[in-house]
Structures are given as C-alpha cells and as structure tokens.
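Engineer: What follows is the file structure-v5.cif, containing mmCIF, N, CA and C atoms:
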```cif
data_final
#
loop_
_atom_site.label_atom_id
_atom_site.label_comp_id
_atom_site.auth_asym_id
_atom_site.auth_seq_id
_atom_site.Cartn_x
_atom_site.Cartn_y
_atom_site.Cartn_z
N MET Y 174 0.85 -1.19 0.00
CA MET Y 174 0.00 0.00 0.00
C MET Y 174 0.89 1.25 0.00
N GLU Y 175 0.64 2.15 -0.91
CA GLU Y 175 1.39 3.39 -1.02
C GLU Y 175 0.96 4.33 0.10
N ASP Y 176 1.93 4.96 0.75
CA ASP Y 176 1.61 5.91 1.82
C ASP Y 176 1.21 7.24 1.21
N ARG Y 177 -0.05 7.59 1.32
CA ARG Y 177 -0.55 8.84 0.76
C ARG Y 177 -0.77 9.83 1.88
N THR Y 178 -0.29 11.04 1.67
CA THR Y 178 -0.50 12.09 2.67
C THR Y 178 -1.43 13.17 2.15
N HIS Y 179 -1.89 13.02 0.92
CA HIS Y 179 -2.85 13.95 0.34
C HIS Y 179 -3.96 13.15 -0.29
N ALA Y 180 -5.14 13.68 -0.23
CA ALA Y 180 -6.27 13.01 -0.88
C ALA Y 180 -7.32 14.04 -1.23
N ARG Y 181 -8.00 13.80 -2.31
CA ARG Y 181 -9.14 14.64 -2.69
C ARG Y 181 -10.37 13.96 -2.11
N ILE Y 182 -11.13 14.71 -1.33
CA ILE Y 182 -12.31 14.14 -0.70
C ILE Y 182 -13.52 15.01 -1.01
N ARG Y 183 -14.68 14.45 -0.88
CA ARG Y 183 -15.93 15.17 -1.17
C ARG Y 183 -16.75 15.30 0.10
N VAL Y 184 -17.53 16.36 0.13
CA VAL Y 184 -18.49 16.53 1.20
C VAL Y 184 -19.76 15.83 0.74
N GLY Y 185 -20.21 14.88 1.55
CA GLY Y 185 -21.38 14.08 1.18
C GLY Y 185 -22.64 14.57 1.86
N ALA Y 186 -23.60 13.69 1.89
CA ALA Y 186 -24.90 13.99 2.49
C ALA Y 186 -24.72 14.44 3.94
N GLN Y 187 -25.48 15.43 4.31
CA GLN Y 187 -25.46 15.98 5.67
C GLN Y 187 -24.08 16.49 6.07
N GLY Y 188 -23.27 16.88 5.08
CA GLY Y 188 -21.96 17.47 5.36
C GLY Y 188 -20.91 16.46 5.78
N ARG Y 189 -21.14 15.21 5.56
CA ARG Y 189 -20.19 14.18 5.98
C ARG Y 189 -18.98 14.12 5.06
N VAL Y 190 -17.83 13.90 5.68
CA VAL Y 190 -16.58 13.77 4.95
C VAL Y 190 -15.96 12.43 5.35
N VAL Y 191 -15.56 11.65 4.38
CA VAL Y 191 -14.91 10.36 4.65
C VAL Y 191 -13.42 10.53 4.45
N LEU Y 192 -12.65 10.22 5.48
CA LEU Y 192 -11.19 10.27 5.36
C LEU Y 192 -10.71 8.94 4.78
N PRO Y 193 -9.92 8.98 3.71
CA PRO Y 193 -9.43 7.74 3.11
C PRO Y 193 -8.63 6.90 4.11
N ALA Y 194 -8.71 5.60 3.92
CA ALA Y 194 -8.06 4.66 4.84
C ALA Y 194 -6.57 4.94 5.00
N ASP Y 195 -5.88 5.31 3.91
CA ASP Y 195 -4.44 5.60 4.00
C ASP Y 195 -4.17 6.73 4.98
N LEU Y 196 -4.98 7.78 4.89
CA LEU Y 196 -4.79 8.91 5.80
C LEU Y 196 -5.11 8.52 7.24
N ARG Y 197 -6.22 7.81 7.43
CA ARG Y 197 -6.60 7.39 8.78
C ARG Y 197 -5.50 6.53 9.40
N ALA Y 198 -4.97 5.60 8.62
CA ALA Y 198 -3.93 4.71 9.13
C ALA Y 198 -2.66 5.49 9.47
N ALA Y 199 -2.28 6.42 8.60
CA ALA Y 199 -1.06 7.21 8.83
C ALA Y 199 -1.16 8.05 10.09
N LEU Y 200 -2.37 8.49 10.40
CA LEU Y 200 -2.57 9.35 11.57
C LEU Y 200 -3.03 8.59 12.81
N GLY Y 201 -3.29 7.31 12.66
CA GLY Y 201 -3.73 6.51 13.79
C GLY Y 201 -5.19 6.74 14.16
N PHE Y 202 -5.96 7.25 13.24
CA PHE Y 202 -7.39 7.47 13.49
C PHE Y 202 -8.12 6.14 13.28
N VAL Y 203 -8.92 5.76 14.25
CA VAL Y 203 -9.73 4.55 14.14
C VAL Y 203 -11.18 4.92 14.38
N GLU Y 204 -12.07 4.01 14.08
CA GLU Y 204 -13.49 4.27 14.31
C GLU Y 204 -13.70 4.69 15.75
N GLY Y 205 -14.41 5.79 15.93
CA GLY Y 205 -14.68 6.31 17.28
C GLY Y 205 -13.66 7.33 17.76
N SER Y 206 -12.59 7.55 16.98
CA SER Y 206 -11.58 8.56 17.38
C SER Y 206 -12.24 9.93 17.50
N THR Y 207 -11.86 10.68 18.51
CA THR Y 207 -12.32 12.05 18.65
C THR Y 207 -11.31 12.95 17.97
N LEU Y 208 -11.80 13.83 17.11
CA LEU Y 208 -10.94 14.75 16.38
C LEU Y 208 -11.41 16.17 16.61
N VAL Y 209 -10.52 17.11 16.40
CA VAL Y 209 -10.83 18.52 16.51
C VAL Y 209 -10.67 19.14 15.13
N ALA Y 210 -11.69 19.85 14.68
CA ALA Y 210 -11.63 20.50 13.37
C ALA Y 210 -11.76 22.00 13.57
N TYR Y 211 -10.95 22.75 12.84
CA TYR Y 211 -11.02 24.21 12.92
C TYR Y 211 -10.57 24.81 11.60
N ILE Y 212 -10.97 26.04 11.41
CA ILE Y 212 -10.61 26.77 10.19
C ILE Y 212 -9.35 27.56 10.48
N GLU Y 213 -8.40 27.47 9.57
CA GLU Y 213 -7.13 28.20 9.70
C GLU Y 213 -6.95 29.01 8.43
N GLY Y 214 -6.94 30.32 8.55
CA GLY Y 214 -6.80 31.16 7.37
C GLY Y 214 -8.07 31.13 6.55
N GLU Y 215 -7.90 31.35 5.26
CA GLU Y 215 -9.05 31.36 4.36
C GLU Y 215 -9.15 30.04 3.61
N GLY Y 216 -10.22 29.32 3.85
CA GLY Y 216 -10.48 28.10 3.11
C GLY Y 216 -9.64 26.91 3.50
N ARG Y 217 -9.04 26.93 4.67
CA ARG Y 217 -8.21 25.81 5.11
C ARG Y 217 -8.85 25.15 6.33
N LEU Y 218 -9.22 23.89 6.19
CA LEU Y 218 -9.79 23.12 7.27
C LEU Y 218 -8.71 22.21 7.84
N VAL Y 219 -8.51 22.27 9.14
CA VAL Y 219 -7.52 21.44 9.80
C VAL Y 219 -8.26 20.45 10.69
N ILE Y 220 -7.89 19.19 10.62
CA ILE Y 220 -8.46 18.15 11.46
C ILE Y 220 -7.31 17.49 12.20
N GLU Y 221 -7.34 17.54 13.54
CA GLU Y 221 -6.26 17.02 14.36
C GLU Y 221 -6.82 16.20 15.51
N SER Y 222 -5.98 15.33 16.03
CA SER Y 222 -6.36 14.62 17.24
C SER Y 222 -6.07 15.53 18.43
N PRO Y 223 -6.80 15.39 19.52
CA PRO Y 223 -6.50 16.18 20.71
C PRO Y 223 -5.07 15.96 21.19
N GLU Y 224 -4.56 14.74 21.00
CA GLU Y 224 -3.19 14.44 21.41
C GLU Y 224 -2.17 15.24 20.61
N ALA Y 225 -2.42 15.40 19.31
CA ALA Y 225 -1.52 16.19 18.46
C ALA Y 225 -1.53 17.65 18.89
N ILE Y 226 -2.70 18.16 19.25
CA ILE Y 226 -2.79 19.54 19.73
C ILE Y 226 -2.03 19.69 21.03
N GLN Y 227 -2.19 18.73 21.93
CA GLN Y 227 -1.49 18.78 23.20
C GLN Y 227 0.03 18.75 22.99
N ARG Y 228 0.50 17.87 22.11
CA ARG Y 228 1.94 17.81 21.83
C ARG Y 228 2.45 19.15 21.28
N ALA Y 229 1.69 19.75 20.37
CA ALA Y 229 2.10 21.04 19.80
C ALA Y 229 2.16 22.12 20.87
N LEU Y 230 1.18 22.13 21.75
CA LEU Y 230 1.18 23.13 22.83
C LEU Y 230 2.34 22.92 23.79
N LEU Y 231 2.59 21.66 24.13
CA LEU Y 231 3.72 21.37 25.03
C LEU Y 231 5.04 21.79 24.40
N GLU Y 232 5.19 21.55 23.10
CA GLU Y 232 6.41 21.95 22.40
C GLU Y 232 6.53 23.47 22.38
N GLU Y 233 5.41 24.14 22.10
CA GLU Y 233 5.42 25.60 22.03
C GLU Y 233 5.80 26.22 23.37
N TRP Y 234 5.32 25.62 24.44
CA TRP Y 234 5.56 26.19 25.78
C TRP Y 234 6.75 25.55 26.48
N SER Y 235 7.50 24.70 25.80
CA SER Y 235 8.63 24.02 26.44
C SER Y 235 9.73 25.00 26.86
N GLY Y 236 9.78 26.18 26.25
CA GLY Y 236 10.80 27.16 26.59
C GLY Y 236 10.53 27.92 27.87
N VAL Y 237 9.34 27.75 28.44
CA VAL Y 237 9.01 28.44 29.68
C VAL Y 237 9.72 27.72 30.82
N ALA Y 238 10.48 28.47 31.58
CA ALA Y 238 11.25 27.89 32.67
C ALA Y 238 10.33 27.23 33.69
N GLY Y 239 10.77 26.09 34.19
CA GLY Y 239 9.99 25.40 35.22
C GLY Y 239 9.81 26.28 36.44
N GLY Y 240 8.65 26.18 37.03
CA GLY Y 240 8.38 26.98 38.22
C GLY Y 240 7.94 28.39 37.90
N THR Y 241 7.95 28.77 36.62
CA THR Y 241 7.52 30.10 36.23
C THR Y 241 6.01 30.12 36.14
N SER Y 242 5.41 31.07 36.82
CA SER Y 242 3.96 31.22 36.74
C SER Y 242 3.66 32.28 35.69
N LEU Y 243 3.02 31.86 34.62
CA LEU Y 243 2.67 32.81 33.58
C LEU Y 243 1.65 33.83 34.09
N VAL Y 244 0.80 33.41 35.00
CA VAL Y 244 -0.17 34.34 35.60
C VAL Y 244 0.57 35.41 36.38
N ASP Y 245 1.55 35.01 37.18
CA ASP Y 245 2.33 35.99 37.95
C ASP Y 245 3.09 36.94 37.04
N GLU Y 246 3.65 36.40 35.93
CA GLU Y 246 4.35 37.25 34.97
C GLU Y 246 3.40 38.27 34.36
N LEU Y 247 2.22 37.81 33.98
CA LEU Y 247 1.23 38.71 33.39
C LEU Y 247 0.81 39.79 34.38
N ARG Y 248 0.58 39.39 35.62
CA ARG Y 248 0.21 40.38 36.65
C ARG Y 248 1.31 41.41 36.84
N ALA Y 249 2.55 40.96 36.89
CA ALA Y 249 3.67 41.89 37.08
C ALA Y 249 3.77 42.85 35.89
N GLU Y 250 3.61 42.32 34.67
CA GLU Y 250 3.65 43.18 33.49
C GLU Y 250 2.52 44.20 33.52
N ARG Y 251 1.34 43.76 33.92
CA ARG Y 251 0.19 44.68 33.96
C ARG Y 251 0.38 45.74 35.05
N ARG Y 252 0.92 45.35 36.19
CA ARG Y 252 1.19 46.34 37.26
C ARG Y 252 2.19 47.38 36.80
N ALA Y 253 3.24 46.93 36.10
CA ALA Y 253 4.25 47.86 35.60
C ALA Y 253 3.63 48.81 34.57
N ALA Y 254 2.78 48.28 33.71
CA ALA Y 254 2.11 49.12 32.71
C ALA Y 254 1.19 50.12 33.38
N ALA Y 255 0.46 49.68 34.41
CA ALA Y 255 -0.44 50.58 35.14
C ALA Y 255 0.36 51.68 35.84
N ALA Y 256 1.52 51.34 36.38
CA ALA Y 256 2.36 52.35 37.03
C ALA Y 256 2.85 53.37 36.01
N ARG Y 257 3.25 52.90 34.82
CA ARG Y 257 3.68 53.83 33.77
C ARG Y 257 2.53 54.74 33.35
N GLU Y 258 1.34 54.17 33.22
CA GLU Y 258 0.17 54.97 32.84
C GLU Y 258 -0.14 56.02 33.90
N ALA Y 259 -0.08 55.63 35.17
CA ALA Y 259 -0.35 56.57 36.26
C ALA Y 259 0.68 57.69 36.27
N GLU Y 260 1.94 57.34 36.03
CA GLU Y 260 3.01 58.34 35.98
C GLU Y 260 2.77 59.31 34.83
N GLN Y 261 2.33 58.80 33.69
CA GLN Y 261 2.05 59.66 32.54
C GLN Y 261 0.88 60.60 32.83
N VAL Y 262 -0.14 60.09 33.50
CA VAL Y 262 -1.28 60.93 33.87
C VAL Y 262 -0.82 62.06 34.78
N GLU Y 263 0.01 61.76 35.75
CA GLU Y 263 0.52 62.79 36.66
C GLU Y 263 1.38 63.81 35.92
N THR Y 264 2.21 63.34 35.00
CA THR Y 264 3.04 64.24 34.21
C THR Y 264 2.16 65.16 33.37
N ASP Y 265 1.15 64.59 32.73
CA ASP Y 265 0.23 65.39 31.93
C ASP Y 265 -0.53 66.39 32.78
N ARG Y 266 -0.96 65.97 33.97
CA ARG Y 266 -1.70 66.85 34.87
C ARG Y 266 -0.82 68.01 35.31
N ALA Y 267 0.43 67.73 35.67
CA ALA Y 267 1.35 68.77 36.11
C ALA Y 267 1.62 69.76 34.98
N SER Y 268 1.79 69.25 33.78
CA SER Y 268 2.03 70.11 32.63
C SER Y 268 0.81 71.00 32.38
N HIS Y 269 -0.37 70.44 32.50
CA HIS Y 269 -1.61 71.21 32.30
C HIS Y 269 -1.74 72.28 33.37
N ASP Y 270 -1.41 71.94 34.63
CA ASP Y 270 -1.53 72.90 35.72
C ASP Y 270 -0.57 74.07 35.54
N ARG Y 271 0.62 73.83 34.99
CA ARG Y 271 1.57 74.91 34.77
C ARG Y 271 1.10 75.85 33.68
N ARG Y 272 0.35 75.36 32.70
CA ARG Y 272 -0.13 76.18 31.62
C ARG Y 272 -1.42 76.93 31.96
N SER Y 273 -2.21 76.43 32.88
CA SER Y 273 -3.51 77.00 33.20
C SER Y 273 -3.37 78.09 34.25
N PRO Y 274 -4.09 79.20 34.10
CA PRO Y 274 -4.08 80.22 35.16
C PRO Y 274 -4.77 79.69 36.39
N ASP Y 275 -4.34 80.15 37.56
CA ASP Y 275 -4.95 79.67 38.80
C ASP Y 275 -6.30 80.34 39.02
N ALA Y 276 -6.99 79.97 40.05
CA ALA Y 276 -8.35 80.45 40.32
C ALA Y 276 -8.39 81.95 40.58
N SER Y 277 -7.30 82.61 41.00
CA SER Y 277 -7.31 84.03 41.31
C SER Y 277 -7.19 84.89 40.05
N GLY Y 278 -7.00 84.23 38.88
CA GLY Y 278 -6.95 84.98 37.63
C GLY Y 278 -5.57 85.47 37.28
N ARG Y 279 -4.56 85.07 38.00
CA ARG Y 279 -3.21 85.53 37.69
C ARG Y 279 -2.62 84.84 36.52
#
```
What is this file in structure tokens?
Structural biologist:
Amino acid sequence: MEDRTHARIRVGAQGRVVLPADLRAALGFVEGSTLVAYIEGEGRLVIESPEAIQRALLEEWSGVAGGTSLVDELRAERRAAAAREAEQVETDRASHDRRSPDASGR
C-alpha cells in the first residue's frame, strides 16, 4: 500500500466527509476517534487529534522555565504598565496645571 498524505475528498450527504483509509492509518485514526476540526486562514480546514494539539502546545511552551507562573508574569507586566500609565497621567496633569491660570486669575 502506497503511503498517501494527500487526498481529494468530497463533502457528502449531511456534510459528511470520509477520510481515506491511507490517511486514517497514517494518523492513527480509528473508528470512534475524537478529532478537533477548525478553520485556519481562508479556506483551510484542519483536522487534528487532541493528542496532536497537546503535543504542539507542550512543544510551544517548552521554553518556559519550570516553576515560572505565567499568571504571575502577566500580573507583574500589567502592574508595571499601570504604574507607567499613572506616571504619565501625573506628568500630563502637572504640565496642564503649569499652563492653566490659577483660580485668582493671575
């Protein structure tokens, strides 16, 4: 049997799509397998096993140092951004106060 990684398939009754046996075998899909389908870009349908998605995510996040809390990192980044924003507001307020005449009309 020739190993095929591409196949032309048709959408059948009720939107059903049959994956050719060669593709199913190559991917380890068997009757009853749970798959995830999503649209990627324009006109591209991706069908993956949950295990493949998990492997991809683990690979993508493998560079994160152990013990690093991404939530804590995000909180720290947001606090720093909020501090910068507050500092900018104070700078803008001080600049505005220097330009504006005071209540006595001077």
Engineer: Separation of atom C of Leu208 in chain Y and atom C of Glu221 in chain Y, in Å?
Structural biologist: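 Result for atom C of Leu208 in chain Y versus atom C of Glu221 in chain Y: 4.7 Å, one decimal.
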Engineer: Name the residues that the PyMOL selection byres ((chain Y and resi 222-226) around 8) pulls out of this structure, and write them as number ranges by chain.
Structural biologist: Y: 206-210, 219-221, 227-232
Engineer: How many Å separate atom C of Leu192 in chain Y from CA of Ala180 in chain Y?
Structural biologist: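 Computing the Euclidean distance for atom C of Leu192 in chain Y and CA of Ala180 in chain Y yields 8.3 Å.
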Engineer: Could you pull out all residues of chain Y with a DSSP call of strand (DSSP E) and give them as a list in words?
Structural biologist: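 Answer for chain Y restricted to strand (DSSP E) is Val209, Ala210, Tyr211, Ile212, Leu218, Val219, Ile220 and Glu221 of chain Y.
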Engineer: Please produce an output containing N, CA and C atoms for each residue in the selection, written as an mmCIF file, in the frame of the given file.
Structural biologist:
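Generated file (result.cif):
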```cif
data_model
loop_
_atom_site.group_PDB
_atom_site.id
_atom_site.type_symbol
_atom_site.label_atom_id
_atom_site.label_comp_id
_atom_site.auth_asym_id
_atom_site.auth_seq_id
_atom_site.Cartn_x
_atom_site.Cartn_y
_atom_site.Cartn_z
ATOM 1 N N VAL Y 209 -10.520 17.110 16.400
ATOM 2 C CA VAL Y 209 -10.830 18.520 16.510
ATOM 3 C C VAL Y 209 -10.670 19.140 15.130
ATOM 4 N N ALA Y 210 -11.690 19.850 14.680
ATOM 5 C CA ALA Y 210 -11.630 20.500 13.370
ATOM 6 C C ALA Y 210 -11.760 22.000 13.570
ATOM 7 N N TYR Y 211 -10.950 22.750 12.840
ATOM 8 C CA TYR Y 211 -11.020 24.210 12.920
ATOM 9 C C TYR Y 211 -10.570 24.810 11.600
ATOM 10 N N ILE Y 212 -10.970 26.040 11.410
ATOM 11 C CA ILE Y 212 -10.610 26.770 10.190
ATOM 12 C C ILE Y 212 -9.350 27.560 10.480
ATOM 13 N N LEU Y 218 -9.220 23.890 6.190
ATOM 14 C CA LEU Y 218 -9.790 23.120 7.270
ATOM 15 C C LEU Y 218 -8.710 22.210 7.840
ATOM 16 N N VAL Y 219 -8.510 22.270 9.140
ATOM 17 C CA VAL Y 219 -7.520 21.440 9.800
ATOM 18 C C VAL Y 219 -8.260 20.450 10.690
ATOM 19 N N ILE Y 220 -7.890 19.190 10.620
ATOM 20 C CA ILE Y 220 -8.460 18.150 11.460
ATOM 21 C C ILE Y 220 -7.310 17.490 12.200
ATOM 22 N N GLU Y 221 -7.340 17.540 13.540
ATOM 23 C CA GLU Y 221 -6.260 17.020 14.360
ATOM 24 C C GLU Y 221 -6.820 16.200 15.510
#
```
Engineer: Give the centre and edge lengths of an axis-aligned box, in Å to one decimal, that holds all listed atoms of range 180-188 of chain Y with 3 Å on each side, as AutoDock Vina command-line options.
Structural biologist:
```
--center_x -15.3 --center_y 15.2 --center_z 1.7 --size_x 26.3 --size_y 10.5 --size_z 14.8
```
Engineer: Could you tell me, as a PyMOL selection string, which residues of chain Y DSSP assigns to helix (DSSP H, G or I) when given the backbone?
Structural biologist: chain Y and resi 186-188+194-200+223-233+243-272
Engineer: Write a file of the selected residues as a compact mmCIF listing (two decimals), in the coordinates of the input, keeping N, CA and C atoms.
Structural biologist:
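Result file follows (selection_9.txt):
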```txt
# COMPACT_ATOMS: atom_id res chain seq x y z
N ALA Y 186 -23.60 13.69 1.89
CA ALA Y 186 -24.90 13.99 2.49
C ALA Y 186 -24.72 14.44 3.94
N GLN Y 187 -25.48 15.43 4.31
CA GLN Y 187 -25.46 15.98 5.67
C GLN Y 187 -24.08 16.49 6.07
N GLY Y 188 -23.27 16.88 5.08
CA GLY Y 188 -21.96 17.47 5.36
C GLY Y 188 -20.91 16.46 5.78
N ALA Y 194 -8.71 5.60 3.92
CA ALA Y 194 -8.06 4.66 4.84
C ALA Y 194 -6.57 4.94 5.00
N ASP Y 195 -5.88 5.31 3.91
CA ASP Y 195 -4.44 5.60 4.00
C ASP Y 195 -4.17 6.73 4.98
N LEU Y 196 -4.98 7.78 4.89
CA LEU Y 196 -4.79 8.91 5.80
C LEU Y 196 -5.11 8.52 7.24
N ARG Y 197 -6.22 7.81 7.43
CA ARG Y 197 -6.60 7.39 8.78
C ARG Y 197 -5.50 6.53 9.40
N ALA Y 198 -4.97 5.60 8.62
CA ALA Y 198 -3.93 4.71 9.13
C ALA Y 198 -2.66 5.49 9.47
N ALA Y 199 -2.28 6.42 8.60
CA ALA Y 199 -1.06 7.21 8.83
C ALA Y 199 -1.16 8.05 10.09
N LEU Y 200 -2.37 8.49 10.40
CA LEU Y 200 -2.57 9.35 11.57
C LEU Y 200 -3.03 8.59 12.81
N PRO Y 223 -6.80 15.39 19.52
CA PRO Y 223 -6.50 16.18 20.71
C PRO Y 223 -5.07 15.96 21.19
N GLU Y 224 -4.56 14.74 21.00
CA GLU Y 224 -3.19 14.44 21.41
C GLU Y 224 -2.17 15.24 20.61
N ALA Y 225 -2.42 15.40 19.31
CA ALA Y 225 -1.52 16.19 18.46
C ALA Y 225 -1.53 17.65 18.89
N ILE Y 226 -2.70 18.16 19.25
CA ILE Y 226 -2.79 19.54 19.73
C ILE Y 226 -2.03 19.69 21.03
N GLN Y 227 -2.19 18.73 21.93
CA GLN Y 227 -1.49 18.78 23.20
C GLN Y 227 0.03 18.75 22.99
N ARG Y 228 0.50 17.87 22.11
CA ARG Y 228 1.94 17.81 21.83
C ARG Y 228 2.45 19.15 21.28
N ALA Y 229 1.69 19.75 20.37
CA ALA Y 229 2.10 21.04 19.80
C ALA Y 229 2.16 22.12 20.87
N LEU Y 230 1.18 22.13 21.75
CA LEU Y 230 1.18 23.13 22.83
C LEU Y 230 2.34 22.92 23.79
N LEU Y 231 2.59 21.66 24.13
CA LEU Y 231 3.72 21.37 25.03
C LEU Y 231 5.04 21.79 24.40
N GLU Y 232 5.19 21.55 23.10
CA GLU Y 232 6.41 21.95 22.40
C GLU Y 232 6.53 23.47 22.38
N GLU Y 233 5.41 24.14 22.10
CA GLU Y 233 5.42 25.60 22.03
C GLU Y 233 5.80 26.22 23.37
N LEU Y 243 3.02 31.86 34.62
CA LEU Y 243 2.67 32.81 33.58
C LEU Y 243 1.65 33.83 34.09
N VAL Y 244 0.80 33.41 35.00
CA VAL Y 244 -0.17 34.34 35.60
C VAL Y 244 0.57 35.41 36.38
N ASP Y 245 1.55 35.01 37.18
CA ASP Y 245 2.33 35.99 37.95
C ASP Y 245 3.09 36.94 37.04
N GLU Y 246 3.65 36.40 35.93
CA GLU Y 246 4.35 37.25 34.97
C GLU Y 246 3.40 38.27 34.36
N LEU Y 247 2.22 37.81 33.98
CA LEU Y 247 1.23 38.71 33.39
C LEU Y 247 0.81 39.79 34.38
N ARG Y 248 0.58 39.39 35.62
CA ARG Y 248 0.21 40.38 36.65
C ARG Y 248 1.31 41.41 36.84
N ALA Y 249 2.55 40.96 36.89
CA ALA Y 249 3.67 41.89 37.08
C ALA Y 249 3.77 42.85 35.89
N GLU Y 250 3.61 42.32 34.67
CA GLU Y 250 3.65 43.18 33.49
C GLU Y 250 2.52 44.20 33.52
N ARG Y 251 1.34 43.76 33.92
CA ARG Y 251 0.19 44.68 33.96
C ARG Y 251 0.38 45.74 35.05
N ARG Y 252 0.92 45.35 36.19
CA ARG Y 252 1.19 46.34 37.26
C ARG Y 252 2.19 47.38 36.80
N ALA Y 253 3.24 46.93 36.10
CA ALA Y 253 4.25 47.86 35.60
C ALA Y 253 3.63 48.81 34.57
N ALA Y 254 2.78 48.28 33.71
CA ALA Y 254 2.11 49.12 32.71
C ALA Y 254 1.19 50.12 33.38
N ALA Y 255 0.46 49.68 34.41
CA ALA Y 255 -0.44 50.58 35.14
C ALA Y 255 0.36 51.68 35.84
N ALA Y 256 1.52 51.34 36.38
CA ALA Y 256 2.36 52.35 37.03
C ALA Y 256 2.85 53.37 36.01
N ARG Y 257 3.25 52.90 34.82
CA ARG Y 257 3.68 53.83 33.77
C ARG Y 257 2.53 54.74 33.35
N GLU Y 258 1.34 54.17 33.22
CA GLU Y 258 0.17 54.97 32.84
C GLU Y 258 -0.14 56.02 33.90
N ALA Y 259 -0.08 55.63 35.17
CA ALA Y 259 -0.35 56.57 36.26
C ALA Y 259 0.68 57.69 36.27
N GLU Y 260 1.94 57.34 36.03
CA GLU Y 260 3.01 58.34 35.98
C GLU Y 260 2.77 59.31 34.83
N GLN Y 261 2.33 58.80 33.69
CA GLN Y 261 2.05 59.66 32.54
C GLN Y 261 0.88 60.60 32.83
N VAL Y 262 -0.14 60.09 33.50
CA VAL Y 262 -1.28 60.93 33.87
C VAL Y 262 -0.82 62.06 34.78
N GLU Y 263 0.01 61.76 35.75
CA GLU Y 263 0.52 62.79 36.66
C GLU Y 263 1.38 63.81 35.92
N THR Y 264 2.21 63.34 35.00
CA THR Y 264 3.04 64.24 34.21
C THR Y 264 2.16 65.16 33.37
N ASP Y 265 1.15 64.59 32.73
CA ASP Y 265 0.23 65.39 31.93
C ASP Y 265 -0.53 66.39 32.78
N ARG Y 266 -0.96 65.97 33.97
CA ARG Y 266 -1.70 66.85 34.87
C ARG Y 266 -0.82 68.01 35.31
N ALA Y 267 0.43 67.73 35.67
CA ALA Y 267 1.35 68.77 36.11
C ALA Y 267 1.62 69.76 34.98
N SER Y 268 1.79 69.25 33.78
CA SER Y 268 2.03 70.11 32.63
C SER Y 268 0.81 71.00 32.38
N HIS Y 269 -0.37 70.44 32.50
CA HIS Y 269 -1.61 71.21 32.30
C HIS Y 269 -1.74 72.28 33.37
N ASP Y 270 -1.41 71.94 34.63
CA ASP Y 270 -1.53 72.90 35.72
C ASP Y 270 -0.57 74.07 35.54
N ARG Y 271 0.62 73.83 34.99
CA ARG Y 271 1.57 74.91 34.77
C ARG Y 271 1.10 75.85 33.68
N ARG Y 272 0.35 75.36 32.70
CA ARG Y 272 -0.13 76.18 31.62
C ARG Y 272 -1.42 76.93 31.96
```
Engineer: One decimal, in Å: what's the spacing between atom N of Arg197 in chain Y and atom N of Arg181 in chain Y?
Structural biologist: 11.6 Å
